[in-house]
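Encoded as C-alpha cells, the structure appears first; notes follow it.
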Amino acid sequence: MLDNIQIILVGITHPGNIGAAARAMKTMGLSHMRLVQPKHFPSAEATARATGADDLLENAQIFDTFEESLWDCQLIFGASARSRRIAWPTLTPKVCAEKALESTGKIAIVFGREQSGLTNQELDRCHFLVQISTNPSFSSLNVAAAVQILAYELRLNSLDNRDIATKEDWELGSPPASAESMAQFYQHLEQTLIDIDFLDPKNPRQLMRHLHRLFNRVQLIDTEVNILRGILTAASPR
Ligand code: SAH
C-alpha cells in the first residue's frame, strides 16, 4: 500500500528540491515525507516549487539523524546513482516497487544529498539499493526527478495490484525487526566484537559492512534479534 511508504530526503541543500519532491510524490499518491537535516526548511521556495503539494510539506517530519528517521521502518531502499565497492543487492525501480508493495510493513525509500548522495554508512542500513538506469557518463539525476521516477513505478505497481489482497509475506509469524532495534543490535554486536578482540577499532576494515550486508539479506525478526543479543551478552567478557 502506498500509505506504508515513507520518502526520506537526506541533507537536501536546495529547498526548491524539497518542494519539487513533494509535488512528485503527491501527483503519484504518496503522502509521507521525512527530512533529515534539511539546510533550509520550512522555506518559501520549497512551498512555491510544491505548487499545491504544501500539505505534504506541512506534514513532513524532520529528524536530526538518518538513524532516527528510519526508526519504525522495516524495509529500507536507498536510491543511489553509484555502484558500491562492496557489492550490494541492487534493484531497478520496477522491482523496488514490486518488493515495496508486496510487503505489509513500513517502508523507507531514501534519497541523498545533491552534491554527495548517501554516505557508505547510510547505504549500509539499506536492504537494497535502487539504481535508475542512466547514461553511464552522466548518471546523476536531480533528486526530485529521482523521486518522481520511483513514485511513478510505485503508482503503476499499486494500480496493477489493486484487486489482489495484500500478501502476508512473513511466513515467520512476525514482521522483520524495525530499523531502531537493528541499530541497537549492530551497536551491541560491534561493541562485543571489540570486547572479545575480534574487531580492532583502530583497524576495523570492512567487517561491520560485511555484517550489515549479511543481516540485511536475512531480515531478522524480533525474537531472533533477542536471541542474538542474548548470545552477545553471554559471550562478553565479565
Ligand atoms: N553526486 C551524487 C549524486 C547525488 S544526486 C552521488 O554521486 O551520489 C541526489 C540523489 O538523487 C542521490 O543521492 C540519489 O538518491 C538520487 N539519484 C540521482 N540519480 C540517481 C540514479 N541514477 N539512480 C538512483 N538514484 C538517483
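Ordering of the C-alpha cells sets the chain letters (A, B, ...); residue numbers start at 1 within each chain; ligands are numbered from 1 in the order shown.
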
What's the 8 Å shell around range 187-192 of chain A, counting only C-alpha atoms, without same-chain residues fewer than 6 positions away, as a PyMOL selection string? chain A and resi 199+208+229+232-233+235-236

Neighbouring residues of ligand 1 are defined here as those with any atom at most 8 Å from a ligand atom, counting only C-alpha atoms and all ligand atoms; list them as a ChimeraX atom specification. /A:9,78-82,110-118,130-134,139-147

With only C-alpha atoms as the counted atoms, please give the residues lying no more than 12 Å from Gly173 in chain A, apart from itself and same-chain residues fewer than 6 positions off, as a ChimeraX atom specification. /A:220-223

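Around Met28 in chain A, within 6 Å and counting only C-alpha atoms, the residues found are A:Ala151, A:Tyr152, A:Arg155, once anything fewer than 6 positions away on its own chain is removed.
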
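Taking CA of Leu30 in chain A and CA of Ile5 in chain A as the two end points, the separation is 7.3 Å.
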
- request: DSSP on the backbone, then: every residue of range 87-205 of chain A marked helix (DSSP H, G or I), written as a PyMOL selection string.
  value: chain A and resi 93-102+120-124+143-160+179-195

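Restricting the calculation to only C-alpha atoms, the smallest distance between Leu123 in chain A and any of A:Ile107, A:Ala60, A:Ile86, A:Ala100 is found for A:Ile86.
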
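When DSSP reads the backbone of this structure, the residues of range 51-179 of chain A it assigns to strand (DSSP E) are Gln61, Ile62, Phe63, Leu75, Ile76, Phe77, Gly78, Ala79, Thr90, Leu91, Ile107, Ala108, Ile109, Val110, Phe111, Phe128, Leu129 and Val130 of chain A.
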
Among A:Phe77, A:Lys94, A:Asp64, A:Leu154, Leu129 in chain A is approached most closely, using only C-alpha atoms, by A:Phe77

Quick one: everything within 10 Å of Met182 in chain A, counting only C-alpha atoms, minus sequence neighbours fewer than 3 positions away in the same chain. Send it as a compact mmCIF listing (two decimals) with N, CA, C and O atoms, in the first residue's frame.
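File produced: selection16.txt:
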```
# COMPACT_ATOMS: atom_id res chain seq x y z
N TRP A 71 13.40 4.97 12.26
CA TRP A 71 13.17 4.16 13.47
C TRP A 71 12.10 3.08 13.33
O TRP A 71 12.28 1.96 13.76
N GLN A 74 10.79 -1.11 8.38
CA GLN A 74 11.26 -2.50 8.41
C GLN A 74 11.97 -2.91 7.13
O GLN A 74 12.69 -3.89 7.10
N ARG A 125 22.74 0.69 5.91
CA ARG A 125 21.46 0.44 6.57
C ARG A 125 20.36 0.02 5.58
O ARG A 125 19.25 -0.27 6.00
N PRO A 176 9.59 -8.24 10.03
CA PRO A 176 11.01 -8.00 10.27
C PRO A 176 11.21 -6.96 11.38
O PRO A 176 10.35 -6.09 11.58
N ALA A 177 12.33 -7.06 12.07
CA ALA A 177 12.65 -6.10 13.14
C ALA A 177 12.73 -4.69 12.56
O ALA A 177 13.10 -4.50 11.41
N SER A 178 12.40 -3.70 13.41
CA SER A 178 12.45 -2.31 12.94
C SER A 178 13.90 -1.85 12.84
O SER A 178 14.81 -2.44 13.44
N ALA A 179 14.09 -0.75 12.11
CA ALA A 179 15.44 -0.19 11.97
C ALA A 179 16.01 0.19 13.33
O ALA A 179 17.21 0.07 13.57
N PHE A 185 21.01 -3.51 17.83
CA PHE A 185 21.70 -4.78 17.67
C PHE A 185 23.11 -4.56 17.08
O PHE A 185 24.10 -5.11 17.58
N TYR A 186 23.23 -3.73 16.04
CA TYR A 186 24.55 -3.50 15.43
C TYR A 186 25.52 -2.87 16.42
O TYR A 186 26.71 -3.21 16.44
N GLN A 187 25.00 -1.97 17.24
CA GLN A 187 25.86 -1.34 18.26
C GLN A 187 26.37 -2.38 19.25
O GLN A 187 27.54 -2.41 19.59
N HIS A 188 25.44 -3.24 19.69
CA HIS A 188 25.77 -4.29 20.65
C HIS A 188 26.80 -5.24 20.03
O HIS A 188 27.81 -5.60 20.66
N HIS A 212 26.61 -6.02 8.15
CA HIS A 212 25.35 -5.35 7.77
C HIS A 212 24.76 -6.03 6.54
O HIS A 212 23.56 -6.30 6.47
N PHE A 215 23.17 -9.40 7.55
CA PHE A 215 21.90 -9.35 8.29
C PHE A 215 20.80 -8.67 7.47
O PHE A 215 19.62 -9.00 7.62
N ASN A 216 21.17 -7.75 6.58
CA ASN A 216 20.16 -7.16 5.69
C ASN A 216 19.55 -8.22 4.79
O ASN A 216 18.37 -8.19 4.47
N GLN A 219 17.10 -10.41 7.02
CA GLN A 219 15.95 -9.73 7.62
C GLN A 219 15.42 -10.44 8.87
O GLN A 219 14.43 -11.17 8.84
N LEU A 220 16.13 -10.21 9.96
CA LEU A 220 15.79 -10.84 11.24
C LEU A 220 14.43 -10.37 11.76
O LEU A 220 14.03 -9.24 11.50
N ILE A 221 13.77 -11.24 12.52
CA ILE A 221 12.58 -10.81 13.25
C ILE A 221 12.99 -10.58 14.72
O ILE A 221 14.09 -10.98 15.13
N ASP A 222 12.10 -9.95 15.50
CA ASP A 222 12.48 -9.53 16.85
C ASP A 222 12.98 -10.66 17.74
O ASP A 222 13.95 -10.51 18.46
N VAL A 225 16.51 -11.32 16.90
CA VAL A 225 17.39 -10.25 17.39
C VAL A 225 17.64 -10.47 18.89
O VAL A 225 18.78 -10.37 19.37
```

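Taking CA of Ile76 in chain A as the reference point, CA of Ile8 in chain A is found at 10.1 Å.
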
Can you tell me which residues surround Leu70 in chain A at a distance of at most 8 Å, considering only C-alpha atoms, apart from same-chain residues fewer than 2 positions away, and format the answer as an MDAnalysis selection string?
chainID A and resid 66:68 72:73 108 179:180

Export C-alpha atoms of the chosen residues as an mmCIF file, in the first residue's frame?
```
data_model
loop_
_atom_site.group_PDB
_atom_site.id
_atom_site.type_symbol
_atom_site.label_atom_id
_atom_site.label_comp_id
_atom_site.auth_asym_id
_atom_site.auth_seq_id
_atom_site.Cartn_x
_atom_site.Cartn_y
_atom_site.Cartn_z
ATOM 1 C CA PHE A 66 19.362 9.402 9.462
ATOM 2 C CA GLU A 67 19.107 6.660 12.082
ATOM 3 C CA GLU A 68 16.198 8.406 13.832
ATOM 4 C CA ASP A 72 9.876 2.409 12.625
ATOM 5 C CA CYS A 73 10.759 1.191 9.119
ATOM 6 C CA ALA A 108 11.537 3.719 3.623
ATOM 7 C CA ALA A 179 15.437 -0.191 11.968
ATOM 8 C CA GLU A 180 15.632 1.031 15.575
#
```

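Proximity of A:Val10, A:Val95, A:Ala87, A:Ile109 to Met25 in chain A, computed with only C-alpha atoms, is greatest for A:Ile109.
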
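Using only C-alpha atoms, the nearest neighbour of Pro136 in chain A within the list A:Ser43, A:Gln6, A:Ser83, A:Asn203 is A:Ser83.
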
* **Test item: residues at most 7 Å from Pro38 in chain A, only C-alpha atoms, excluding those fewer than 2 positions along its chain, as a PyMOL selection string** => chain A and resi 11-13+35-36+40-41

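Here CA of Ile231 in chain A and CA of Asp200 in chain A stand 20.4 Å from one another.
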